[in-house]
Each structure stands twice: as C-alpha cells, then as structure tokens.
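Student: Below is the file run_28.txt, which contains compact mmCIF, C-alpha atoms.
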# COMPACT_ATOMS: atom_id res chain seq x y z
CA MET A 219 53.88 55.50 -0.19
CA ARG A 220 57.29 55.89 -1.81
CA ILE A 221 58.83 53.43 0.62
CA LEU A 222 55.89 51.00 0.68
CA ILE A 223 55.87 50.25 -3.05
CA PRO A 224 59.52 49.05 -3.15
CA VAL A 225 58.87 46.94 -0.04
CA TYR A 226 55.82 45.36 -1.71
CA LEU A 227 57.89 44.66 -4.82
CA VAL A 228 60.50 42.84 -2.73
CA LEU A 229 57.74 40.79 -1.06
CA PHE A 230 56.31 40.02 -4.51
CA PHE A 231 59.60 38.70 -5.90
CA VAL A 232 60.56 36.82 -2.72
CA GLY A 233 57.22 35.47 -1.54
CA LEU A 234 56.01 34.45 -5.02
CA GLN A 235 59.29 33.31 -6.54
CA HIS A 236 57.98 29.75 -7.04
CA PHE A 237 54.50 30.85 -8.11
CA VAL A 238 54.95 33.39 -10.89
CA ASP A 239 56.33 32.30 -14.25
CA TRP A 240 58.53 35.35 -14.75
CA GLN A 241 59.46 34.59 -18.36
CA SER A 242 56.04 33.54 -19.64
CA ALA A 243 54.48 35.46 -22.51
CA GLY A 244 51.36 36.15 -20.46
CA PHE A 245 53.27 37.70 -17.55
CA LEU A 246 55.45 39.86 -19.82
CA LEU A 247 52.48 40.97 -21.92
CA GLY A 248 50.63 41.80 -18.71
CA LEU A 249 53.49 44.02 -17.57
CA ALA A 250 53.38 45.77 -20.95
CA ALA A 251 49.60 46.19 -20.64
CA LEU A 252 49.63 47.93 -17.25
CA PRO A 253 50.73 51.38 -18.54
CA PHE A 254 48.01 51.31 -21.21
CA THR A 255 45.24 50.26 -18.87
CA THR A 256 45.99 52.11 -15.63
CA GLU A 257 44.27 55.41 -14.98
CA PHE A 258 43.96 57.37 -11.74
CA ASP A 259 41.11 59.79 -11.11
CA GLN A 260 42.67 62.41 -8.88
CA THR A 261 39.35 64.22 -8.50
CA LYS A 262 38.01 61.33 -6.43
CA ARG A 263 39.20 60.25 -3.04
CA GLY A 264 40.45 56.68 -2.88
CA SER A 265 38.13 54.34 -1.02
CA ARG A 266 38.92 51.70 1.58
CA ARG A 267 37.41 48.84 -0.44
CA TYR A 268 40.78 47.37 -1.41
CA PHE A 269 41.90 47.43 2.22
CA TYR A 270 39.01 45.20 3.24
CA ILE A 271 39.44 43.00 0.16
CA SER A 272 43.13 42.55 0.93
CA ILE A 273 42.44 41.72 4.59
CA GLY A 274 39.78 39.22 3.55
CA LEU A 275 42.10 37.53 1.05
CA PHE A 276 44.87 37.41 3.65
CA ALA A 277 42.47 35.74 6.10
CA LEU A 278 41.70 33.14 3.43
CA PHE A 279 45.43 32.69 2.93
CA LEU A 280 45.88 31.94 6.64
CA LEU A 281 43.10 29.36 6.48
CA VAL A 282 44.24 27.90 3.17
CA PRO A 283 47.92 28.83 2.60
CA VAL A 284 47.94 28.68 -1.20
CA HIS A 285 49.96 31.13 -3.28
CA THR A 286 46.90 32.39 -5.16
CA PHE A 287 45.37 34.05 -2.09
CA TYR A 288 48.68 35.65 -1.15
CA TYR A 289 49.13 36.95 -4.71
CA LEU A 290 45.65 38.51 -4.72
CA ALA A 291 46.07 39.91 -1.20
CA LEU A 292 49.40 41.47 -2.14
CA ILE A 293 48.22 43.16 -5.35
CA THR A 294 45.11 44.55 -3.64
CA ALA A 295 47.32 45.92 -0.84
CA VAL A 296 49.42 47.70 -3.47
CA VAL A 297 46.30 49.08 -5.14
CA PHE A 298 44.97 50.33 -1.79
CA CYS A 299 48.26 52.13 -1.16
CA LEU A 300 48.18 53.75 -4.61
CA GLU A 301 44.54 54.80 -4.26
CA MET A 302 45.11 56.44 -0.92
CA TYR A 303 48.00 58.57 -2.17
CA VAL A 304 47.30 59.05 -5.89
CA GLY A 305 43.59 58.75 -6.62
CA ARG A 306 40.78 56.35 -7.54
CA ILE A 307 42.06 53.62 -9.85
CA ASN A 308 40.05 52.06 -12.68
CA LEU A 309 39.12 48.38 -13.03
CA LEU A 310 41.31 47.36 -15.97
CA PRO A 311 44.69 47.12 -14.19
CA MET A 312 43.17 44.76 -11.60
CA LEU A 313 41.86 42.56 -14.41
CA VAL A 314 45.28 42.66 -16.08
CA MET A 315 47.05 41.56 -12.89
CA ILE A 316 44.58 38.70 -12.47
CA CYS A 317 44.90 37.71 -16.13
CA MET A 318 48.71 37.65 -16.03
CA SER A 319 48.75 35.48 -12.91
CA PRO A 320 49.54 31.76 -13.03
CA VAL A 321 46.14 30.87 -11.58
CA PHE A 322 44.35 32.50 -14.54
CA ARG A 323 46.55 30.65 -16.97
CA PHE A 324 45.78 27.44 -15.09
CA TRP A 325 42.02 27.96 -15.25
CA ALA A 326 42.22 29.10 -18.87
CA ASP A 327 44.05 25.93 -19.82
CA LEU A 328 41.88 23.61 -17.73
CA PHE A 329 38.40 24.98 -18.32
CA THR A 330 38.90 25.44 -22.07
CA PHE A 331 39.65 21.72 -22.34
CA PRO A 332 36.01 20.82 -23.21
CA ILE A 333 36.04 23.68 -25.75
CA ARG A 334 39.14 22.19 -27.39
CA LEU A 335 37.35 18.88 -27.84
CA GLN A 336 34.31 20.65 -29.31
CA LEU A 337 36.51 22.68 -31.66
CA THR A 338 38.22 19.48 -32.78
CA ALA A 339 34.89 17.82 -33.56
CA LEU A 340 33.55 20.89 -35.36
CA ALA A 341 36.71 21.41 -37.40
CA GLY A 342 36.76 17.72 -38.32
CA SER A 343 33.19 17.95 -39.58
CA VAL A 344 34.08 20.89 -41.82
CA VAL A 345 37.21 19.46 -43.45
CA ILE A 346 36.34 16.91 -46.13
CA GLY A 347 37.79 13.46 -45.48
CA ALA A 348 38.86 14.22 -41.89
CA LYS A 349 38.31 11.85 -38.98
CA VAL A 350 38.28 12.90 -35.33
CA GLU A 351 39.49 10.92 -32.33
CA GLY A 352 39.57 12.95 -29.13
CA ASN A 353 41.77 15.96 -29.79
CA ILE A 354 43.32 14.41 -32.91
CA ILE A 355 42.12 15.18 -36.44
CA SER A 356 43.34 12.69 -39.07
CA CYS A 357 43.32 13.76 -42.70
CA ASP A 358 45.00 11.92 -45.59
CA GLY A 359 47.22 9.94 -43.25
CA GLN A 360 48.38 12.91 -41.18
CA ASP A 361 47.40 13.59 -37.56
CA PHE A 362 46.82 17.09 -36.20
CA SER A 363 46.67 17.57 -32.42
CA VAL A 364 44.51 20.32 -30.94
CA ASP A 365 46.61 21.00 -27.85
CA PRO A 366 46.42 23.77 -25.21
CA ALA A 367 48.50 26.07 -27.42
CA CYS A 368 45.61 26.12 -29.90
CA MET A 369 42.75 26.89 -27.53
CA GLY A 370 43.89 27.34 -23.99
CA LEU A 371 46.66 28.97 -22.06
CA GLN A 372 48.59 30.95 -24.68
CA MET A 373 45.87 32.18 -27.05
CA THR A 374 43.27 32.88 -24.37
CA VAL A 375 45.60 34.90 -22.15
CA THR A 376 47.03 36.76 -25.16
CA ALA A 377 43.60 37.61 -26.55
CA MET A 378 42.30 38.85 -23.19
CA LEU A 379 45.35 41.00 -22.48
CA CYS A 380 45.29 42.44 -26.00
CA GLY A 381 41.61 43.22 -25.49
CA MET A 382 42.38 45.10 -22.27
CA ILE A 383 45.12 47.09 -23.98
CA ILE A 384 42.70 48.08 -26.76
CA ILE A 385 40.00 49.10 -24.29
CA GLY A 386 42.48 51.07 -22.18
CA GLY A 387 43.90 52.84 -25.22
CA PHE A 388 40.49 53.91 -26.52
CA GLN A 389 39.34 55.03 -23.08
CA LYS A 390 42.37 57.28 -22.71
CA LYS A 391 42.04 58.57 -26.27
CA TYR A 392 38.37 59.51 -26.08
CA ARG A 393 38.32 60.23 -22.33
CA LYS A 394 35.32 57.94 -21.92
CA TYR A 395 35.24 55.05 -19.51
CA LEU A 396 33.10 51.93 -19.43
CA SER A 397 31.44 50.70 -16.27
CA ALA A 398 32.69 47.49 -14.68
CA GLY A 399 29.74 45.47 -15.96
CA ILE A 400 30.04 46.61 -19.57
CA THR A 401 33.82 46.11 -19.44
CA LEU A 402 33.30 42.47 -18.55
CA VAL A 403 30.73 42.10 -21.34
CA VAL A 404 33.16 43.58 -23.87
CA LEU A 405 35.94 41.24 -22.69
CA SER A 406 33.61 38.26 -23.01
CA VAL A 407 33.28 39.18 -26.68
CA ALA A 408 37.09 39.03 -26.95
CA PHE A 409 36.95 35.50 -25.54
CA GLY A 410 34.25 34.53 -28.04
CA LEU A 411 36.27 35.97 -30.94
CA ASN A 412 39.25 33.96 -29.70
CA VAL A 413 37.21 30.75 -29.90
CA ILE A 414 36.10 31.59 -33.46
CA GLY A 415 39.64 32.54 -34.48
CA ASN A 416 41.01 29.29 -33.15
CA LEU A 417 38.36 27.28 -34.98
CA ILE A 418 39.27 28.93 -38.28
CA ARG A 419 42.95 28.41 -37.51
CA ILE A 420 42.47 24.68 -36.90
CA ILE A 421 40.46 24.30 -40.11
CA CYS A 422 43.18 26.05 -42.12
CA LEU A 423 45.97 23.96 -40.59
CA VAL A 424 44.17 20.71 -41.37
CA GLN A 425 42.88 21.74 -44.78
CA PHE A 426 46.28 22.87 -46.02
CA LYS A 427 48.16 20.20 -44.03
CA ILE A 428 50.41 22.64 -42.18
CA MET A 429 52.35 20.75 -39.53
CA PRO A 430 53.49 22.12 -36.13
CA GLY A 431 57.00 23.54 -35.92
CA THR A 432 56.90 25.08 -39.38
CA PRO A 433 56.96 28.85 -40.07
CA SER A 434 53.60 28.56 -41.83
CA HIS A 435 52.06 27.11 -38.66
CA GLU A 436 53.11 30.18 -36.65
CA VAL A 437 52.06 32.56 -39.42
CA ILE A 438 48.57 31.06 -39.52
CA GLY A 439 48.32 31.46 -35.75
CA VAL A 440 49.36 35.11 -35.80
CA MET A 441 47.10 35.89 -38.76
CA SER A 442 44.14 34.25 -36.99
CA LEU A 443 44.78 36.26 -33.83
CA ILE A 444 45.06 39.54 -35.73
CA GLY A 445 42.41 38.98 -38.37
CA TYR A 446 39.68 37.27 -36.36
CA VAL A 447 40.28 38.59 -32.84
CA ILE A 448 42.16 41.88 -32.66
CA VAL A 449 40.80 43.66 -35.77
CA PRO A 450 37.09 43.00 -35.11
CA PHE A 451 37.59 43.70 -31.41
CA VAL A 452 39.10 47.10 -32.22
CA PHE A 453 35.93 48.17 -34.03
CA PHE A 454 33.63 46.59 -31.46
CA SER A 455 35.35 48.07 -28.40
CA ARG A 456 35.54 51.50 -30.01
CA TYR A 457 31.80 51.41 -30.71
CA MET A 458 31.02 50.29 -27.16
CA ILE A 459 33.18 53.02 -25.63
CA MET A 460 31.68 55.74 -27.82
CA ARG A 461 28.15 54.42 -27.19
CA PHE A 462 28.24 53.47 -23.51
CA GLY A 463 31.35 55.21 -22.15
CA HIS A 464 30.97 57.84 -19.45
CA PRO A 465 32.85 61.05 -20.32
CA VAL A 466 35.35 62.42 -17.87
CA VAL A 467 34.32 65.79 -16.51
CA ALA A 468 37.35 68.03 -16.12
CA GLU A 469 37.52 69.47 -12.61
CA LYS A 470 40.10 71.69 -11.08
CA LYS A 471 39.74 70.20 -7.62
CA ILE A 472 42.33 67.54 -6.89
CA TYR A 473 42.44 65.78 -3.56
CA ARG A 474 45.70 66.07 -1.73
CA ILE A 475 46.00 63.10 0.56
CA VAL A 476 47.73 63.90 3.84
CA PRO A 477 49.02 60.89 5.78
CA THR A 478 46.80 60.57 8.85
CA GLY A 479 46.89 58.20 11.79
CA PRO A 480 44.12 55.87 10.53
CA LEU A 481 45.61 55.81 7.02
CA LEU A 482 49.08 55.02 8.27
CA LEU A 483 47.62 52.36 10.59
CA ARG A 484 45.80 50.61 7.72
CA ASN A 485 48.91 50.59 5.56
CA GLY A 486 50.93 49.32 8.50
CA ILE A 487 48.46 46.49 9.08
CA LEU A 488 48.59 45.46 5.44
CA LEU A 489 52.37 45.62 5.38
CA ALA A 490 52.64 43.43 8.48
CA CYS A 491 50.19 40.93 6.98
CA MET A 492 52.10 40.76 3.69
CA VAL A 493 55.44 40.28 5.47
CA TYR A 494 54.00 37.42 7.51
CA GLY A 495 52.44 35.94 4.38
CA CYS A 496 55.83 35.98 2.69
CA TYR A 497 57.28 34.14 5.70
CA VAL A 498 54.51 31.50 5.46
CA ASN A 499 55.21 30.99 1.76
CA LEU A 500 58.91 30.46 2.40
CA ARG A 501 58.38 27.85 5.12
CA PRO A 502 58.75 24.20 4.04
CA ARG A 503 55.39 22.54 3.50
CA PRO A 504 54.80 19.23 5.32
CA VAL A 505 54.10 16.10 3.32
CA VAL A 506 50.57 14.89 4.07
CA ALA A 507 49.07 11.71 2.66
CA HIS A 508 45.41 12.04 1.72
CA ALA A 509 44.30 9.06 -0.31
CA LEU A 510 41.08 7.29 -1.02
CA PRO A 511 40.89 3.67 0.19
CA VAL A 512 42.61 1.73 -2.58
CA LYS A 513 44.08 -1.71 -2.89
CA THR A 514 47.79 -1.19 -2.35
CA ALA A 515 48.82 -4.84 -2.58
CA GLY A 516 51.53 -5.14 -5.19
CA TYR A 517 52.20 -1.40 -5.19
CA THR A 518 55.02 0.62 -3.73
CA VAL A 519 53.36 3.52 -1.88
CA LYS A 520 55.07 6.89 -1.64
CA ASN A 521 53.72 10.09 -0.10
CA LEU A 522 54.70 13.14 -2.15
CA PRO A 523 54.41 16.87 -1.38
CA ASP A 524 51.16 18.76 -1.96
CA ASN A 525 48.85 15.95 -0.83
CA VAL A 526 49.83 13.48 -3.56
CA THR A 527 50.11 9.72 -3.05
CA GLN A 528 52.01 7.66 -5.62
CA LEU A 529 51.33 3.94 -6.18
CA MET A 530 53.84 2.17 -8.40
CA SER A 531 53.92 -1.41 -9.70
CA LYS A 532 55.44 -3.24 -12.63
CA ASP A 533 52.22 -2.70 -14.58
CA ALA A 534 51.10 0.82 -13.79
CA LEU A 535 51.75 4.16 -12.14
CA VAL A 536 48.87 5.57 -10.10
CA TYR A 537 48.60 9.05 -8.60
CA VAL A 538 45.93 9.89 -6.02
CA LYS A 539 45.93 13.68 -5.79
CA PHE A 540 43.84 14.90 -2.88
CA ILE A 541 42.04 18.25 -3.39
CA PRO A 542 41.30 19.83 0.01
CA SER A 543 38.38 22.01 -1.07
CA TYR A 544 36.36 23.29 -4.00
CA TYR A 545 38.46 26.42 -4.52
CA TYR A 546 41.78 24.56 -4.86
CA SER A 547 43.56 24.00 -8.13
CA GLU A 548 44.63 20.42 -8.68
CA HIS A 549 47.63 18.67 -10.21
CA HIS A 550 45.93 18.06 -13.53
CA PRO A 551 47.55 15.36 -15.70
CA MET A 552 47.61 17.63 -18.75
CA ILE A 553 49.84 20.02 -16.81
CA CYS A 554 51.95 17.59 -14.77
CA TRP A 555 52.77 15.24 -17.65
CA LYS A 556 53.42 18.18 -19.96
CA GLY A 557 55.95 19.43 -17.41
CA SER A 558 57.64 16.02 -17.68
CA GLY A 559 58.08 16.48 -21.43
CA TYR A 560 55.07 14.52 -22.68
CA THR A 561 52.49 15.70 -25.18
CA PHE A 562 48.84 14.63 -25.13
CA GLU A 563 47.22 12.92 -28.10
CA LYS A 564 43.81 11.32 -28.64
CA VAL A 565 42.29 12.95 -25.57
CA GLN A 566 38.69 11.80 -25.24
CA GLU A 567 35.99 10.88 -22.73
CA GLN A 568 35.13 7.18 -22.62
CA VAL A 569 33.19 4.74 -20.45
CA TRP A 570 35.44 1.97 -19.10
CA ASN A 571 34.19 -0.72 -16.75
CA GLY A 572 31.04 1.25 -16.11
CA ARG A 573 32.80 4.49 -15.21
CA SER A 574 33.34 7.60 -17.27
CA VAL A 575 37.00 8.57 -17.60
CA TYR A 576 39.19 10.82 -19.68
CA THR A 577 41.83 8.93 -21.65
CA ALA A 578 44.86 10.07 -23.60
CA LEU A 579 48.03 8.88 -25.27
CA LEU A 580 51.24 10.32 -23.76
CA VAL A 581 54.04 10.77 -26.29
CA GLU A 582 57.68 11.67 -25.68
CA GLY A 583 59.89 10.83 -28.65
CA ASN A 584 59.45 7.11 -29.28
CA THR A 585 57.89 6.50 -25.86
CA LYS A 586 54.11 6.11 -25.74
CA LEU A 587 52.04 5.62 -22.60
CA HIS A 588 48.30 5.27 -22.05
CA THR A 589 46.75 7.30 -19.26
CA ALA A 590 43.30 7.88 -17.78
CA TRP A 591 41.97 10.17 -15.07
CA TRP A 592 38.79 11.17 -13.21
CA TYR A 593 37.65 12.75 -9.92
CA ASP A 594 36.52 10.55 -7.03
CA ASN A 595 35.60 11.03 -3.35
CA GLY A 596 34.78 7.41 -2.52
CA LYS A 597 31.04 7.90 -3.06
CA HIS A 598 30.81 9.80 -6.32
CA ARG A 599 32.99 10.03 -9.41
CA THR A 600 32.87 12.53 -12.23
CA ASN A 601 34.92 14.08 -15.02
CA SER A 602 33.40 17.53 -14.64
CA GLN A 603 35.24 20.36 -12.91
CA LEU A 604 32.00 22.17 -12.15
CA THR A 605 30.29 19.03 -10.84
CA TRP A 606 32.88 18.06 -8.23
CA ARG A 607 33.48 21.65 -7.13
CA TRP A 608 29.75 22.26 -6.67
CA ASP A 609 29.42 18.93 -4.88
CA VAL A 610 32.12 19.88 -2.35
CA PHE A 611 30.73 23.41 -2.04
CA THR A 612 27.34 22.00 -1.03
CA GLY A 613 28.83 19.79 1.69
CA ALA A 614 30.22 16.63 0.09
CA GLN A 615 33.56 15.26 1.25
CA PRO A 616 36.61 16.38 -0.75
CA TYR A 617 37.53 14.71 -4.01
CA SER A 618 40.81 13.32 -5.28
CA LEU A 619 42.04 13.32 -8.85
CA ILE A 620 42.89 9.74 -9.84
CA ASN A 621 45.43 9.35 -12.65
CA VAL A 622 46.39 5.85 -13.86
CA THR A 623 49.11 5.31 -16.46
CA ALA A 624 50.26 2.09 -18.16
CA SER A 625 52.26 0.99 -21.18
CA ASP A 626 49.23 -0.20 -23.18
CA GLU A 627 45.47 0.20 -23.17
CA ALA A 628 44.70 -3.39 -22.14
CA THR A 629 46.85 -3.09 -19.01
CA LEU A 630 45.35 0.31 -18.25
CA ARG A 631 41.81 -1.11 -18.41
CA LYS A 632 42.82 -4.02 -16.18
CA VAL A 633 44.41 -1.77 -13.53
CA ILE A 634 41.40 0.55 -13.43
CA LYS A 635 39.10 -2.45 -13.02
CA THR A 636 41.08 -3.86 -10.10
CA LEU A 637 41.41 -0.56 -8.22
CA ILE A 638 38.47 0.08 -5.89
CA PHE A 639 37.96 3.62 -4.70
Before we go any further, please render this structure as structure tokens.

Tutor:
Amino acid sequence: MRILIPVYLVLFFVGLQHFVDWQSAGFLLGLAALPFTTEFDQTKRGSRRYFYISIGLFALFLLVPVHTFYYLALITAVVFCLEMYVGRINLLPMLVMICMSPVFRFWADLFTFPIRLQLTALAGSVVIGAKVEGNIISCDGQDFSVDPACMGLQMTVTAMLCGMIIIGGFQKKYRKYLSAGITLVVLSVAFGLNVIGNLIRIICLVQFKIMPGTPSHEVIGVMSLIGYVIVPFVFFSRYMIMRFGHPVVAEKKIYRIVPTGPLLLRNGILLACMVYGCYVNLRPRPVVAHALPVKTAGYTVKNLPDNVTQLMSKDALVYVKFIPSYYYSEHHPMICWKGSGYTFEKVQEQVWNGRSVYTALLVEGNTKLHTAWWYDNGKHRTNSQLTWRWDVFTGAQPYSLINVTASDEATLRKVIKTLIF
C-alpha cells in the first residue's frame, strides 16, 4: 500500500493534468475537507465493493474515454487500496472528492441555471421599483446581473463542502455516524439553505445598490453564506447526528490485513488499468466532425476538437457541438464564452421563429454580441437538459448544442430563421 498510493498520486497529476483545476477554490477547499471528513473503522474488514466500482468505471472509460470516468475510477481504486490495508472508510470523503471535481462544478453551474432565473424573478418581485429581464434586475437606472457566482459554481460547491466539514466534525466529536441515506438528506438541506441565502443576498445587493467589485459586495456574500447557510446548518446537522447517528461501539479487535495473493492480484489489476487509462488520456484526440444537416452556403466550415463544427460568415458565428450520449457534458455557451472573457447579461428563454431558445447579451468591455442556443437532433429541439438527456437515454439519436452569435438581435433572428436543422 505504501508504494501504491504515491504511484496513484503520480497518475492523478499526470493523467488528469488538463482536467482538474488545481487552483480553484472548490478543489483547495475539498483538499482541506478530507482530513475532517475521513474516518476509518479498523474493526471492520474492508470490502471489495470499490474494486468492482473502479473496474466498472474503467470499463466505461474504455467505451467513452472522457476524463470524468477516469477520475472516478482512479479515486475508487485509491479508496479500495486504503480499505484493504487500513479499514472500512466512511461515505463523506467519497462525496468530498466528487464535489471537488470539475464535473461537479460543471453540473452545479449548468443545472442551477434555471434556479438563477427563478431567483432573479423572485428577487425582482420583492424589491420595490425593480424590473427583471432574464438574469438582469434593473432598479433606479442600475443593472444587477445574477451570474453563476451568485447561484452556481462557487457558492454551491462552497456550501456543500462546508456542510461536509461540519458533518464530519460533529461525527468525530460525538462518535456518532449518519447512514448514507440520512447524510444525503442532510446535505440536501445545505443546498436548500444555499438557495435561500443567495436569494437574500441578491435582494440586499439590489435594495442597497451594491455593485460588483466593491468590498461591500464581497462582505454581503460572505455574511449571507455564514448567516443563512453555515450557522443554521451547524444546528441542524448537530441535531440530526444526535438524533439519528449510530454510536460507535468500542471494540478491542482490530483486523490486521495481511497481503494475500487475491488481494495483491486485485490491486495489480487496478494499477494496470489506471496506468493504461493515463496513457489513453495523454494520447492526442482525433478531430471528428459531427454536425446536423445545415445550410453551409456562405459559411466557412471548420472542424474543431471535441466534436465541434464551426460555421463562420460575415454575419454570424455558429457552433454545432455534437453530444455523443446522454451522460456527456457539453460545451455550454455560458462556460465557453466565459472562458473567452465575456460575461452574460439578459439571459432569458424566448420563442423565436416558432422555436424556443435561450438568448443572452455577451459583454466584454465595449464589445456587445447577441447569442442564442438550444439542443437539436434533427427531429426534436429543446432547451431542457433533462429532456434531451432522457430522450437519448430512451433511444433517440444524439443531440447537438446549437449556438448562434451575431452583432445585433435582428441579424441573430435572421440567421436562426435561415438555418435549417
């Protein structure tokens, strides 16, 4: 075990170097949370469940070579190794490692998008004299944008990791441990408190006209996190642990794991799989064009990595981003354009030319662009993540994310009308 852990760490840093955001607040907070949440029960023999889980995830990685499956396969291989030589591990550290991963941050940012729009509408209805347009609240001539930093990636990940630290600390203090089901219920309360805290934060920012980038803006955010999420969650989690926690029965018997042939074989199999997975991750990925049938006349067509087709003309920029299956993450515009330095304003769902689309205003300094996006597979189109994923899961052909961007709204409407998918 002593030699396997360093080897796994090397594979983690090498094989996931382009996947993990090493300097992100979520990843660093997750590392800090692991000592508070990890507990080994040395009175119980480690099971082989994580071996089979890791093998299953590795098989999925071979079928669909995405970094997420390799990340999950690698961390479950590490947990299997630790369980076999130290003792039965609790659930919280696994949840922490999932929560600190880029895929969780992606889903947190993407799936809380409808919640952000609802929070904007609700906050706008509370503040007197405020008007709401998409994710923008206008009050007395000032615009306030409800972006992912308010109710998405940063606050959601932070709240969940803080919740796990609090649960882990109380469990160690009182030597009582929650079952997996109750743990998930308690963490869902942390998510709900985060939504409420963000709503109150938005109302305060708009009511007192506190603009982004000011110290007061950050202070309000921290106060909302502490006052409306962490403090009530401390009392709630403590009550749940005292009420439903199972006490640890002190036993003198401690299992001493002796390396046996089958145990060494399983660890050897996992190690070989993880080394090969690292090799697969480091290989160059081929460029494959997967596009819906579109009118390309007047466009310059370019096939980009990761199944993306770019159509460019003097009027518009179109991306057709093929999504191979329902479990894939996609190149969402709110992430890709943000990476290019743009911020999203006036995000809203509208019906244009008989089709429902999301629209937004892209802003970078003095540059403003109009963009729209939706999901399409040639037969059906939707704006819902759950709808297209369920559709593909039940046998429909894969979807593509269509993102059209132009300099003004009139041109954007015209381009969308002329494109036939």

Student: To one decimal in Å, tell me the separation between atom CA of A:Gln360 and atom CA of A:Gly347.

Tutor: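 Interatomic distance, atom CA of A:Gln360 to atom CA of A:Gly347: 11.4 Å.
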
Student: I'd like the interatomic distance between atom CA of A:Ala339 and atom CA of A:Val404, to a tenth of an Å.

Tutor: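 Atom-to-atom, atom CA of A:Ala339 to atom CA of A:Val404, that is 27.6 Å.
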
Student: Of the residues A:Gly244, A:Ser406, A:Tyr544, A:Ala578, which is the one nearest to A:Asp609, using all atoms listed in the file?

Tutor: A:Tyr544

Student: Residues proximal to (43.6, 49.9, -12.5) were defined as those with any atom within 10 Å of that point in the file's coordinates, counting only C-alpha atoms. Which are they, as a PyMOL selection string?

Tutor: chain A and resi 252-258+297+300-301+306-315+386

Student: Which is closest to A:Pro465 among A:Leu396, A:Val581, A:Ile444, A:Met373, if we use all atoms listed in the file?

Tutor: A:Leu396

Student: Set the distance at 10 Å and use all atoms listed in the file: which residues neighbour stretch 537-539 of chain A once local chain neighbours fewer than 6 positions away are removed? I'd like the list as a PyMOL selection string.

Tutor: chain A and resi 507-510+512+519-522+524-530+548-551+591+593-594+617-623

Student: Mind writing the picked residues with C-alpha atoms as a short mmCIF file (atom, residue, chain, number, x, y, z; two decimals), in the frame of the given file?

Tutor:
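Once everything was written out, this is selection-v6.cif:
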data_model
loop_
_atom_site.label_atom_id
_atom_site.label_comp_id
_atom_site.auth_asym_id
_atom_site.auth_seq_id
_atom_site.Cartn_x
_atom_site.Cartn_y
_atom_site.Cartn_z
CA ALA A 507 49.07 11.71 2.66
CA HIS A 508 45.41 12.04 1.72
CA ALA A 509 44.30 9.06 -0.31
CA LEU A 510 41.08 7.29 -1.02
CA VAL A 512 42.61 1.73 -2.58
CA VAL A 519 53.36 3.52 -1.88
CA LYS A 520 55.07 6.89 -1.64
CA ASN A 521 53.72 10.09 -0.10
CA LEU A 522 54.70 13.14 -2.15
CA ASP A 524 51.16 18.76 -1.96
CA ASN A 525 48.85 15.95 -0.83
CA VAL A 526 49.83 13.48 -3.56
CA THR A 527 50.11 9.72 -3.05
CA GLN A 528 52.01 7.66 -5.62
CA LEU A 529 51.33 3.94 -6.18
CA MET A 530 53.84 2.17 -8.40
CA GLU A 548 44.63 20.42 -8.68
CA HIS A 549 47.63 18.67 -10.21
CA HIS A 550 45.93 18.06 -13.53
CA PRO A 551 47.55 15.36 -15.70
CA TRP A 591 41.97 10.17 -15.07
CA TYR A 593 37.65 12.75 -9.92
CA ASP A 594 36.52 10.55 -7.03
CA TYR A 617 37.53 14.71 -4.01
CA SER A 618 40.81 13.32 -5.28
CA LEU A 619 42.04 13.32 -8.85
CA ILE A 620 42.89 9.74 -9.84
CA ASN A 621 45.43 9.35 -12.65
CA VAL A 622 46.39 5.85 -13.86
CA THR A 623 49.11 5.31 -16.46
#

Student: Just how far from atom CA of A:Tyr288 is atom CA of A:Leu234, in Å to one decimal?

Tutor: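 Here the two named atoms are 8.4 Å from each other.
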
Student: For A:Leu290, find every residue with an atom within 7 Å (counting all atoms listed in the file), except residues of its own chain fewer than 4 positions away, and show them as an MDAnalysis selection string.

Tutor: chainID A and resid 275 286 294

Student: Which residue out of A:Val466, A:Ile346, A:Leu587, A:Val407 has the minimum interatomic distance to A:Phe562 when all atoms listed in the file are used?

Tutor: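 Ranked by minimum distance to A:Phe562, first place goes to A:Leu587.
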
Student: Could you give me, as a list in words, the residues that sit within 12 Å of (29.8, 8.2, -11.0) in the file's coordinates, counting all atoms listed in the file?

Tutor: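 Taken together, the residues in range are Val569, Trp570, Asn571, Gly572, Arg573, Ser574, Val575, Trp592, Tyr593, Asp594, Asn595, Gly596, Lys597, His598, Arg599, Thr600, Asn601, Ser602, Thr605, Trp606 and Phe639 of chain A.
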
Student: Identify, on the basis of all atoms listed in the file, every residue whose closest approach to A:Val238 does not exceed 8 Å; exclude the query and any residue fewer than 2 positions from it along the same chain; express the result as a PyMOL selection string.

Tutor: chain A and resi 234-236+240+319-320

Student: List the neighbours of A:Phe611 out to 8 Å using only C-alpha atoms; skip same-chain residues closer than 3 positions along the sequence, and give me the result as a PyMOL selection string.

Tutor: chain A and resi 543-544+607-608+614

Student: Which one is closest to A:Gln389: A:Ser356, A:Thr338, A:Thr561, A:Ser455? Count all atoms listed in the file.

Tutor: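 Looking at the shortest contact to A:Gln389, the residue is A:Ser455.
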
Student: Using all atoms listed in the file, determine which residues lie at most 12 Å from A:Ile384, disregarding the query and same-chain residues fewer than 6 positions distant; provide the list as a ChimeraX atom specification.

Tutor: /A:251-255,310,377-378,390-391,401,404-405,408,447-456,458-459

Student: In terms of the shortest atom-to-atom distance over all atoms listed in the file, which of A:Leu379, A:Val536, A:Cys357, A:Ile333 is closest to A:Leu249?

Tutor: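 Among the listed residues, the smallest separation from A:Leu249 belongs to A:Leu379.
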
Student: Looking at A:Met441, A:Ile316, A:Val610, A:Ile385, which one is nearest to A:Ile400, with distances taken over only C-alpha atoms?

Tutor: A:Ile385

Student: Axis-aligned box over every listed atom of stretch 525-531 of chain A, padded by 5 Å per side: centre and edges in Å to one decimal, as JSON?

Tutor:
{"center_x": 51.4, "center_y": 7.3, "center_z": -5.3, "size_x": 15.1, "size_y": 27.4, "size_z": 18.9}
